[in-house]
file query07.txt (compact mmCIF, C-alpha atoms (C1' of nucleotides))
# COMPACT_ATOMS: atom_id res chain seq x y z
CA MET A 101 -36.84 29.48 -9.98
CA ASN A 102 -38.81 27.66 -7.33
CA ARG A 103 -36.22 26.70 -4.76
CA PHE A 104 -34.08 28.39 -2.17
CA LEU A 105 -30.61 29.02 -3.53
CA SER A 106 -27.46 30.91 -2.68
CA HIS A 107 -26.71 32.84 0.45
CA ALA A 108 -26.80 36.46 1.60
CA THR A 109 -26.00 38.31 4.79
CA ASN A 110 -28.24 41.04 6.18
CA ARG A 111 -27.96 43.25 9.22
CA ILE A 112 -30.26 43.18 12.23
CA ASP A 113 -31.63 46.65 12.96
CA ALA A 114 -32.09 48.36 16.32
CA LYS A 115 -35.51 46.79 16.72
CA GLY A 116 -34.20 43.28 16.19
CA ARG A 117 -35.57 42.87 12.68
CA VAL A 118 -33.80 41.53 9.61
CA SER A 119 -34.84 41.49 5.96
CA VAL A 120 -35.36 38.13 4.32
CA PRO A 121 -33.56 38.27 0.95
CA SER A 122 -35.90 39.20 -1.84
CA ALA A 123 -35.08 36.04 -3.81
CA PHE A 124 -36.27 33.91 -0.90
CA ARG A 125 -39.40 35.99 -0.44
CA ALA A 126 -40.21 35.44 -4.10
CA VAL A 127 -40.08 31.67 -3.58
CA LEU A 128 -42.32 31.92 -0.53
CA LEU A 129 -44.79 34.07 -2.42
CA GLU A 130 -44.94 31.62 -5.29
CA ALA A 131 -45.55 28.78 -2.86
CA GLY A 132 -48.27 30.80 -1.15
CA VAL A 133 -46.53 30.65 2.21
CA ARG A 134 -47.73 33.40 4.55
CA GLU A 135 -46.24 32.12 7.80
CA LEU A 136 -42.80 30.59 8.17
CA TYR A 137 -42.24 27.42 10.13
CA CYS A 138 -38.89 27.54 11.95
CA PHE A 139 -36.99 24.96 13.98
CA GLN A 140 -33.49 24.14 15.11
CA ASP A 141 -31.49 22.19 12.57
CA PHE A 142 -30.45 18.68 13.53
CA VAL A 143 -26.91 18.91 12.27
CA PHE A 144 -25.79 22.50 12.07
CA PRO A 145 -26.01 25.40 14.52
CA ALA A 146 -28.65 27.01 12.34
CA VAL A 147 -32.38 27.62 12.35
CA SER A 148 -34.23 26.17 9.40
CA ALA A 149 -37.27 27.89 7.93
CA GLY A 150 -39.85 27.08 5.31
CA GLY A 151 -43.50 26.39 4.74
CA PRO A 152 -45.57 24.23 7.08
CA GLU A 153 -45.11 21.29 4.72
CA LEU A 154 -41.61 20.97 6.18
CA LEU A 155 -43.18 19.53 9.29
CA ASP A 156 -44.79 16.78 7.23
CA ARG A 157 -41.50 15.97 5.68
CA PHE A 158 -39.77 15.47 9.02
CA GLU A 159 -42.62 13.47 10.43
CA LYS A 160 -42.23 11.12 7.48
CA GLN A 161 -38.54 10.88 8.22
CA MET A 162 -39.28 10.01 11.82
CA ALA A 163 -41.79 7.41 10.81
CA ALA A 164 -39.22 5.82 8.54
CA GLU A 165 -36.84 4.94 11.33
CA ASP A 166 -37.29 3.20 14.62
CA PRO A 167 -39.80 5.37 16.52
CA PHE A 168 -38.13 4.52 19.83
CA SER A 169 -34.61 5.37 18.72
CA ASP A 170 -32.70 8.19 20.29
CA ALA A 171 -32.56 9.99 16.97
CA ALA A 172 -36.32 9.89 16.48
CA ASN A 173 -36.89 11.06 20.01
CA GLN A 174 -34.56 13.97 19.69
CA MET A 175 -35.98 14.90 16.33
CA SER A 176 -39.45 14.98 17.78
CA LEU A 177 -38.27 17.25 20.56
CA LEU A 178 -36.86 19.69 18.03
CA VAL A 179 -39.54 19.47 15.38
CA HIS A 180 -42.58 19.38 17.62
CA GLY A 181 -41.30 21.06 20.76
CA GLY A 182 -38.88 23.53 19.22
CA GLY A 183 -40.85 24.62 16.19
CA VAL A 184 -42.09 28.18 15.91
CA PHE A 185 -44.29 30.05 13.49
CA VAL A 186 -42.83 33.35 12.36
CA LYS A 187 -44.59 36.13 10.48
CA LEU A 188 -42.98 38.59 8.12
CA ASP A 189 -43.78 42.29 8.28
CA PRO A 190 -44.99 44.18 5.16
CA GLU A 191 -41.38 44.87 4.14
CA GLY A 192 -40.43 41.21 4.36
CA ARG A 193 -38.56 41.32 7.65
CA LEU A 194 -38.69 38.91 10.57
CA MET A 195 -37.95 39.35 14.28
CA VAL A 196 -34.76 37.67 15.44
CA THR A 197 -35.95 36.23 18.73
CA ASP A 198 -33.87 34.71 21.51
CA PHE A 199 -35.01 31.32 20.23
CA ILE A 200 -32.96 32.02 17.13
CA ARG A 201 -30.09 33.87 18.79
CA ASP A 202 -29.39 31.32 21.49
CA PHE A 203 -29.20 28.35 19.18
CA THR A 204 -27.27 29.96 16.33
CA GLY A 205 -25.08 32.49 18.12
CA ILE A 206 -26.45 35.23 15.87
CA SER A 207 -25.95 38.72 17.29
CA THR A 208 -25.75 41.53 14.73
CA ASP A 209 -25.89 39.91 11.28
CA VAL A 210 -27.76 36.97 9.78
CA THR A 211 -26.62 34.84 6.87
CA PHE A 212 -29.56 33.38 4.97
CA VAL A 213 -28.63 30.10 3.30
CA GLY A 214 -30.77 28.43 0.65
CA ARG A 215 -31.17 24.67 1.04
CA GLY A 216 -33.45 23.82 -1.86
CA ASP A 217 -36.83 23.25 -0.26
CA HIS A 218 -36.09 25.44 2.75
CA PHE A 219 -33.58 27.99 3.95
CA GLN A 220 -31.54 28.54 7.07
CA LEU A 221 -30.44 31.35 9.37
CA TRP A 222 -26.76 31.22 10.30
CA GLU A 223 -24.26 33.25 12.23
CA PRO A 224 -22.05 34.48 9.33
CA GLN A 225 -18.74 33.14 10.65
CA ALA A 226 -20.23 29.79 11.56
CA PHE A 227 -21.56 29.39 8.04
CA ALA A 228 -18.18 30.23 6.49
CA ARG A 229 -16.54 27.59 8.68
CA ALA A 230 -19.14 24.91 7.97
CA GLN A 231 -18.93 25.50 4.25
CA ALA A 232 -15.14 25.33 4.28
CA GLU A 233 -15.33 22.04 6.17
CA ALA A 234 -17.85 20.64 3.72
CA ARG A 235 -15.65 21.56 0.79
CA GLU A 236 -12.63 20.00 2.45
CA GLY A 237 -14.56 16.82 3.12
CA ARG A 238 -15.63 16.60 -0.49
CA LYS A 239 -12.13 17.13 -1.75
CA GLN A 240 -10.83 14.32 0.43
CA ARG A 241 -13.49 11.92 -0.73
CA GLY A 242 -12.56 12.75 -4.30
CA LEU A 243 -16.16 13.22 -5.38
CA ARG A 244 -15.46 15.50 -8.28
CA SER A 245 -18.37 16.80 -10.25
CA GLU A 246 -16.83 16.51 -13.70
CA MET B 125 -20.46 24.41 -31.68
CA ASN B 126 -22.34 23.27 -28.62
CA ARG B 127 -19.73 23.14 -25.92
CA PHE B 128 -17.48 25.50 -24.05
CA LEU B 129 -14.00 25.59 -25.51
CA SER B 130 -10.82 27.62 -25.17
CA HIS B 131 -10.25 30.52 -22.82
CA ALA B 132 -10.28 34.32 -22.86
CA THR B 133 -9.51 37.10 -20.41
CA ASN B 134 -11.74 40.16 -20.00
CA ARG B 135 -11.52 43.21 -17.79
CA ILE B 136 -13.87 44.07 -14.94
CA ASP B 137 -15.30 47.59 -15.30
CA ALA B 138 -15.84 50.23 -12.64
CA LYS B 139 -19.23 48.78 -11.77
CA GLY B 140 -17.83 45.33 -11.23
CA ARG B 141 -19.16 43.83 -14.46
CA VAL B 142 -17.35 41.64 -16.96
CA SER B 143 -18.35 40.47 -20.43
CA VAL B 144 -18.83 36.76 -20.94
CA PRO B 145 -16.93 35.84 -24.15
CA SER B 146 -19.23 35.85 -27.13
CA ALA B 147 -18.39 32.24 -28.01
CA PHE B 148 -19.65 31.12 -24.61
CA ARG B 149 -22.76 33.24 -24.88
CA ALA B 150 -23.51 31.59 -28.21
CA VAL B 151 -23.43 28.18 -26.55
CA LEU B 152 -25.72 29.40 -23.80
CA LEU B 153 -28.12 30.86 -26.33
CA GLU B 154 -28.26 27.65 -28.29
CA ALA B 155 -28.97 25.72 -25.12
CA GLY B 156 -31.69 28.20 -24.20
CA VAL B 157 -29.99 29.10 -20.95
CA ARG B 158 -31.20 32.44 -19.58
CA GLU B 159 -29.81 32.16 -16.06
CA LEU B 160 -26.40 30.81 -15.15
CA TYR B 161 -25.90 28.50 -12.21
CA CYS B 162 -22.56 29.25 -10.54
CA PHE B 163 -20.81 27.52 -7.68
CA GLN B 164 -17.40 27.40 -6.11
CA ASP B 165 -15.47 24.55 -7.65
CA PHE B 166 -14.62 21.62 -5.39
CA VAL B 167 -11.07 21.26 -6.62
CA PHE B 168 -9.77 24.48 -8.15
CA PRO B 169 -9.88 28.05 -6.89
CA ALA B 170 -12.39 28.83 -9.60
CA VAL B 171 -16.10 29.43 -9.94
CA SER B 172 -17.88 27.07 -12.29
CA ALA B 173 -20.85 28.20 -14.32
CA GLY B 174 -23.35 26.51 -16.56
CA GLY B 175 -27.02 25.94 -17.13
CA PRO B 176 -29.48 24.97 -14.40
CA GLU B 177 -29.07 21.33 -15.42
CA LEU B 178 -25.79 21.41 -13.50
CA LEU B 179 -27.79 21.89 -10.33
CA ASP B 180 -30.20 19.15 -11.35
CA ARG B 181 -27.28 16.80 -11.67
CA PHE B 182 -26.11 17.59 -8.15
CA GLU B 183 -29.58 17.20 -6.77
CA LYS B 184 -29.97 13.80 -8.40
CA GLN B 185 -26.68 12.81 -6.84
CA MET B 186 -27.95 13.89 -3.43
CA ALA B 187 -31.28 12.20 -3.89
CA ALA B 188 -29.46 8.97 -4.66
CA GLU B 189 -28.10 8.77 -1.14
CA ASP B 190 -29.80 9.14 2.21
CA PRO B 191 -31.13 12.71 2.18
CA PHE B 192 -30.43 13.07 5.90
CA SER B 193 -26.88 11.75 5.76
CA ASP B 194 -23.91 13.87 6.62
CA ALA B 195 -22.58 13.72 3.09
CA ALA B 196 -25.87 14.87 1.58
CA ASN B 197 -26.15 17.63 4.14
CA GLN B 198 -22.70 18.93 3.42
CA MET B 199 -23.22 18.71 -0.29
CA SER B 200 -26.43 20.70 -0.04
CA LEU B 201 -24.55 23.31 1.92
CA LEU B 202 -22.17 23.71 -1.01
CA VAL B 203 -24.53 23.17 -3.92
CA HIS B 204 -27.56 25.04 -2.58
CA GLY B 205 -25.99 27.43 -0.11
CA GLY B 206 -22.84 28.00 -2.14
CA GLY B 207 -24.51 28.11 -5.51
CA VAL B 208 -25.93 31.21 -7.14
CA PHE B 209 -28.12 31.97 -10.08
CA VAL B 210 -26.54 34.76 -12.09
CA LYS B 211 -28.27 36.75 -14.77
CA LEU B 212 -26.50 38.34 -17.70
CA ASP B 213 -27.32 41.91 -18.64
CA PRO B 214 -28.49 42.73 -22.19
CA GLU B 215 -24.87 43.09 -23.30
CA GLY B 216 -23.91 39.68 -21.96
CA ARG B 217 -22.08 40.79 -18.84
CA LEU B 218 -22.24 39.42 -15.32
CA MET B 219 -21.57 41.00 -11.93
CA VAL B 220 -18.39 39.86 -10.23
CA THR B 221 -19.62 39.68 -6.66
CA ASP B 222 -17.58 39.12 -3.52
CA PHE B 223 -18.82 35.56 -3.65
CA ILE B 224 -16.69 35.14 -6.76
CA ARG B 225 -13.81 37.41 -5.77
CA ASP B 226 -13.15 35.92 -2.37
CA PHE B 227 -12.95 32.37 -3.58
CA THR B 228 -11.00 32.93 -6.79
CA GLY B 229 -8.79 35.89 -5.89
CA ILE B 230 -10.12 37.74 -8.93
CA SER B 231 -9.68 41.51 -8.68
CA THR B 232 -9.40 43.33 -12.02
CA ASP B 233 -9.51 40.69 -14.76
CA VAL B 234 -11.32 37.41 -15.29
CA THR B 235 -10.14 34.45 -17.33
CA PHE B 236 -13.04 32.46 -18.75
CA VAL B 237 -12.12 28.82 -19.27
CA GLY B 238 -14.24 26.41 -21.31
CA ARG B 239 -14.75 23.01 -19.72
CA GLY B 240 -17.03 21.28 -22.18
CA ASP B 241 -20.46 21.32 -20.60
CA HIS B 242 -19.67 24.30 -18.41
CA PHE B 243 -17.08 27.03 -18.04
CA GLN B 244 -15.11 28.55 -15.22
CA LEU B 245 -14.03 31.95 -13.93
CA TRP B 246 -10.38 32.13 -12.91
CA GLU B 247 -7.92 34.68 -11.69
CA PRO B 248 -5.64 34.93 -14.77
CA GLN B 249 -2.37 34.13 -12.98
CA ALA B 250 -3.90 31.24 -11.08
CA PHE B 251 -5.18 29.73 -14.32
CA ALA B 252 -1.77 30.02 -15.97
CA ARG B 253 -0.19 28.21 -13.04
CA ALA B 254 -2.82 25.49 -12.87
CA GLN B 255 -2.57 24.86 -16.59
CA ALA B 256 1.22 24.65 -16.42
CA GLU B 257 0.97 22.18 -13.58
CA ALA B 258 -1.54 20.06 -15.44
CA ARG B 259 0.68 20.00 -18.51
CA GLU B 260 3.66 19.02 -16.40
CA GLY B 261 1.73 16.27 -14.68
CA ARG B 262 0.64 14.79 -17.99
CA LYS B 263 4.15 14.93 -19.34
CA GLN B 264 5.51 13.03 -16.38
CA ARG B 265 2.91 10.32 -16.68
CA GLY B 266 3.69 10.02 -20.37
CA LEU B 267 0.07 10.44 -21.31
CA ARG B 268 0.61 13.03 -23.96
CA SER B 269 -1.15 12.49 -27.21
CA GLU B 270 0.94 14.77 -29.38
C1' DT C 7 -2.96 43.49 -52.95
C1' DG C 8 -3.79 47.49 -50.30
C1' DG C 9 -7.17 50.60 -48.46
C1' DG C 10 -11.46 51.63 -46.60
C1' DA C 11 -16.16 50.63 -45.18
C1' DC C 12 -18.63 47.73 -42.26
C1' DC C 13 -19.59 44.75 -38.37
C1' DA C 14 -19.22 42.50 -33.96
C1' DT C 15 -17.50 42.50 -29.52
C1' DA C 16 -15.90 44.52 -25.52
C1' DT C 17 -16.27 48.44 -22.53
C1' DG C 18 -17.92 52.84 -20.33
C1' DG C 19 -21.42 55.59 -18.16
C1' DG C 20 -26.42 57.70 -17.24
C1' DC C 21 -30.56 56.83 -15.09
C1' DG C 22 -34.64 54.69 -13.22
C1' DT C 23 -36.23 51.11 -10.17
C1' DC C 24 -36.17 48.20 -6.32
C1' DA C 25 -34.40 46.16 -2.18
C1' DA C 26 -32.36 46.85 2.32
C1' DT C 27 -32.39 49.64 6.20
C1' DG C 28 -33.74 53.26 9.57
C1' DG C 29 -37.05 55.71 12.21
C1' DG C 30 -41.83 57.38 13.73
C1' DA C 31 -46.46 56.71 15.19
C1' DG C 32 -50.46 54.09 16.22
C1' DA C 33 -52.38 49.75 18.21
C1' DA C 34 -52.40 46.06 21.33
C1' DG C 35 -50.99 43.74 25.49
C1' DC C 36 -49.05 43.69 30.31
C1' DG D 193 -49.36 54.13 31.70
C1' DC D 194 -45.56 51.77 29.92
C1' DT D 195 -43.60 48.38 26.96
C1' DT D 196 -43.80 45.73 22.82
C1' DC D 197 -45.17 44.76 18.41
C1' DT D 198 -47.03 46.37 13.70
C1' DC D 199 -47.68 49.19 10.03
C1' DC D 200 -46.28 53.13 7.33
C1' DC D 201 -43.10 56.29 5.24
C1' DA D 202 -38.26 58.07 4.08
C1' DT D 203 -33.56 57.36 2.64
C1' DT D 204 -29.84 55.43 0.31
C1' DG D 205 -27.30 52.56 -2.12
C1' DA D 206 -27.06 48.77 -5.37
C1' DC D 207 -28.45 46.73 -9.53
C1' DG D 208 -30.69 46.29 -14.19
C1' DC D 209 -31.70 48.46 -18.52
C1' DC D 210 -30.53 51.56 -21.92
C1' DC D 211 -27.52 54.05 -25.13
C1' DA D 212 -22.84 55.55 -26.53
C1' DT D 213 -18.01 54.66 -27.74
C1' DA D 214 -13.87 52.16 -28.82
C1' DT D 215 -11.22 48.56 -30.83
C1' DG D 216 -10.07 44.96 -33.63
C1' DG D 217 -11.14 42.03 -37.35
C1' DT D 218 -13.25 40.88 -41.84
C1' DC D 219 -14.99 41.57 -46.26
C1' DC D 220 -15.45 44.05 -50.42
C1' DC D 221 -13.84 46.72 -54.01
C1' DA D 222 -10.76 49.39 -56.56
call {"tool": "encode", "arguments": {"input": "query07.txt", "output": "structure tokens"}}
result
Amino acid sequence: MNRFLSHATNRIDAKGRVSVPSAFRAVLLEAGVRELYCFQDFVFPAVSAGGPELLDRFEKQMAAEDPFSDAANQMSLLVHGGGVFVKLDPEGRLMVTDFIRDFTGISTDVTFVGRGDHFQLWEPQAFARAQAEAREGRKQRGLRSE
Amino acid sequence: MNRFLSHATNRIDAKGRVSVPSAFRAVLLEAGVRELYCFQDFVFPAVSAGGPELLDRFEKQMAAEDPFSDAANQMSLLVHGGGVFVKLDPEGRLMVTDFIRDFTGISTDVTFVGRGDHFQLWEPQAFARAQAEAREGRKQRGLRSE
DNA sequence: TGGGACCATATGGGCGTCAATGGGAGAAGC
DNA sequence: GCTTCTCCCATTGACGCCCATATGGTCCCA
């Protein structure tokens, strides 16, 4: 398994640390990622995290559209200006900084959400709501999988 | 037999495990599936399960459209964030996690329902109702084959 | 044809391992 | 010197692996 899948909720301890789920750490290890690259998601109130190659991916995306568009400008602000490198401690935990808290609304618990080539940090309730909305939207569009 | 057929109800034990029906396990074995991919169904209050190729299918679908579109984003939230890889123990049982319970209403028993290329986990009563409704709907449309 | 041995599946529980969490102490920075 | 950040160790609770038991069905043989 070489991608980020499923979701799990972990508690922030008194020092402001939270364990990254072991399944996600395994993916990072396999990819040889030692430092996480984090930034604010464009769509959801979540912080996205992954290897440094994520940056490349978003720069490609920006290059694909009109470089002077509002979207490209805002993306650059988030990707370049809002990006942070985060290190894990020997137990696989990361510090939940104000950068993360302010944007996501996270306070005591973090929901880690796999997104294939990266994963996200969500406030648990916010994730539940977003997922419910997504499911509702799919149902209405009638895009059944079978 | 290379597809999932019929249905069966098994009990969840004190540890929260339930045996996957042997007929289904045989199909999985033949297909060489060692890890199940499970996700909350888009239509029914059931959890669908099958081989990893189910996920591949979803990812192809996402790749087909604009990867940064709203639809693709929401789908990833369901397929990646809402999907789980589940391993069977040596006896062919799986853990019934809250992820499954909350969405399906399953508490003490699980009804396994074959769906051809995958199968589903239902709360027994809910399955009985859904099946009755489906039968009724077909009858009214006059599409019965018998 | 009826009874019994045999087999497969479903189920129950013990136990070791690992992940998540909590706290302490040393190191580095203000 | 005090705060903040790491690293290290301890605890606990969950999960995976193993073996044991039960239950129902099938096949063989008398």
call {"tool": "residues_around", "arguments": {"input": "query07.txt", "residues": "Ala155 in chain B", "least_positions_apart": "6", "cutoff": "12 Å", "atoms": "only C-alpha atoms (C1' of nucleotides)", "output": "ChimeraX atom specification"}}
result
/B:125-128,148-149,174-177,241-242
call {"tool": "closest_atom_pairs", "arguments": {"input": "query07.txt", "of": "chain B", "to": "chain C", "cutoff": "9 Å", "atoms": "only C-alpha atoms (C1' of nucleotides)", "output": "Markdown table"}}
result
| residue | atom | partner | partner_atom | distance |
| --- | --- | --- | --- | --- |
| B:Asn134 | CA | C:DA16 | C1' | 8.2 |
| B:Arg135 | CA | C:DT17 | C1' | 8.5 |
| B:Asp137 | CA | C:DT17 | C1' | 7.3 |
| B:Ala138 | CA | C:DG18 | C1' | 8.4 |
| B:Val142 | CA | C:DT17 | C1' | 8.9 |
| B:Ser143 | CA | C:DA16 | C1' | 7.0 |
| B:Pro145 | CA | C:DT15 | C1' | 8.6 |
| B:Ser146 | CA | C:DT15 | C1' | 7.3 |
call {"tool": "write_last_selection", "arguments": {"input": "query07.txt", "atoms": "C-alpha atoms", "output": "PDB file, in the coordinates of the input"}}
result
ATOM      1  CA  ASN B 134     -11.740  40.160 -20.000  1.00  0.00           C
ATOM      2  CA  ARG B 135     -11.520  43.210 -17.790  1.00  0.00           C
ATOM      3  CA  ASP B 137     -15.300  47.590 -15.300  1.00  0.00           C
ATOM      4  CA  ALA B 138     -15.840  50.230 -12.640  1.00  0.00           C
ATOM      5  CA  VAL B 142     -17.350  41.640 -16.960  1.00  0.00           C
ATOM      6  CA  SER B 143     -18.350  40.470 -20.430  1.00  0.00           C
ATOM      7  CA  PRO B 145     -16.930  35.840 -24.150  1.00  0.00           C
ATOM      8  CA  SER B 146     -19.230  35.850 -27.130  1.00  0.00           C
TER       9      SER B 146
END
call {"tool": "calpha_fit_rmsd", "arguments": {"input": "query07.txt", "fixed": "chain A", "moving": "chain B"}}
result
1.9 Å
call {"tool": "interface_residues", "arguments": {"input": "query07.txt", "of": "chain A", "to": "chain D", "cutoff": "12 Å", "atoms": "only C-alpha atoms (C1' of nucleotides)", "output": "compact mmCIF listing (two decimals) with C-alpha atoms, in the coordinates of the input"}}
result
# COMPACT_ATOMS: atom_id res chain seq x y z
CA LYS A 115 -35.51 46.79 16.72
CA GLY A 116 -34.20 43.28 16.19
CA ARG A 117 -35.57 42.87 12.68
CA LYS A 187 -44.59 36.13 10.48
CA LEU A 188 -42.98 38.59 8.12
CA ASP A 189 -43.78 42.29 8.28
CA PRO A 190 -44.99 44.18 5.16
CA GLU A 191 -41.38 44.87 4.14
CA ARG A 193 -38.56 41.32 7.65
CA LEU A 194 -38.69 38.91 10.57
CA MET A 195 -37.95 39.35 14.28
call {"tool": "closest_residue", "arguments": {"input": "query07.txt", "among": "A:Val147, A:Leu154, A:Ala228, A:Leu177", "to": "Asp198 in chain A", "atoms": "all atoms listed in the file"}}
result
A:Val147
call {"tool": "atom_distance", "arguments": {"input": "query07.txt", "atom1": "CA of Phe163 in chain B", "atom2": "CA of Pro248 in chain B"}}
result
18.3 Å
call {"tool": "atom_distance", "arguments": {"input": "query07.txt", "atom1": "CA of Phe212 in chain A", "atom2": "CA of Leu179 in chain B"}}
result
19.2 Å
call {"tool": "atom_distance", "arguments": {"input": "query07.txt", "atom1": "CA of Ala132 in chain B", "atom2": "CA of Glu247 in chain B"}}
result
11.4 Å
call {"tool": "closest_residue", "arguments": {"input": "query07.txt", "among": "A:Gly237, A:Gly205, A:Gly181, A:Gly214", "to": "chain B", "atoms": "all atoms listed in the file"}}
result
A:Gly214
call {"tool": "interface_residues", "arguments": {"input": "query07.txt", "of": "chain A", "to": "chain B", "cutoff": "10 Å", "atoms": "all atoms listed in the file", "output": "compact mmCIF listing (two decimals) with C-alpha atoms, in the frame of the given file"}}
result
# COMPACT_ATOMS: atom_id res chain seq x y z
CA MET A 101 -36.84 29.48 -9.98
CA ARG A 103 -36.22 26.70 -4.76
CA PHE A 104 -34.08 28.39 -2.17
CA LEU A 105 -30.61 29.02 -3.53
CA SER A 106 -27.46 30.91 -2.68
CA HIS A 107 -26.71 32.84 0.45
CA ALA A 108 -26.80 36.46 1.60
CA PHE A 142 -30.45 18.68 13.53
CA VAL A 143 -26.91 18.91 12.27
CA PHE A 144 -25.79 22.50 12.07
CA GLN A 161 -38.54 10.88 8.22
CA PHE A 212 -29.56 33.38 4.97
CA VAL A 213 -28.63 30.10 3.30
CA GLY A 214 -30.77 28.43 0.65
CA ARG A 215 -31.17 24.67 1.04
CA GLY A 216 -33.45 23.82 -1.86
CA ASP A 217 -36.83 23.25 -0.26
CA PHE A 219 -33.58 27.99 3.95
CA GLN A 220 -31.54 28.54 7.07
CA PHE A 227 -21.56 29.39 8.04
CA ALA A 230 -19.14 24.91 7.97
CA GLN A 231 -18.93 25.50 4.25
CA ALA A 232 -15.14 25.33 4.28
CA GLU A 233 -15.33 22.04 6.17
CA ALA A 234 -17.85 20.64 3.72
CA ARG A 235 -15.65 21.56 0.79
CA GLU A 236 -12.63 20.00 2.45
CA GLY A 237 -14.56 16.82 3.12
CA ARG A 238 -15.63 16.60 -0.49
CA LYS A 239 -12.13 17.13 -1.75
CA GLN A 240 -10.83 14.32 0.43
CA GLY A 242 -12.56 12.75 -4.30
CA LEU A 243 -16.16 13.22 -5.38
CA ARG A 244 -15.46 15.50 -8.28
CA SER A 245 -18.37 16.80 -10.25
CA GLU A 246 -16.83 16.51 -13.70
call {"tool": "axis_aligned_box", "arguments": {"input": "query07.txt", "around": "range 138-146 of chain B", "padding_each_side": "5 Å", "output": "AutoDock Vina command-line options"}}
result
--center_x -17.5 --center_y 43.0 --center_z -19.2 --size_x 13.4 --size_y 24.4 --size_z 25.9
call {"tool": "residues_around", "arguments": {"input": "query07.txt", "residues": "Ile206 in chain A", "least_positions_apart": "3", "cutoff": "7 Å", "atoms": "all atoms listed in the file", "output": "list in words"}}
result
Arg201, Asp209, Val210, Trp222 and Glu223 of chain A
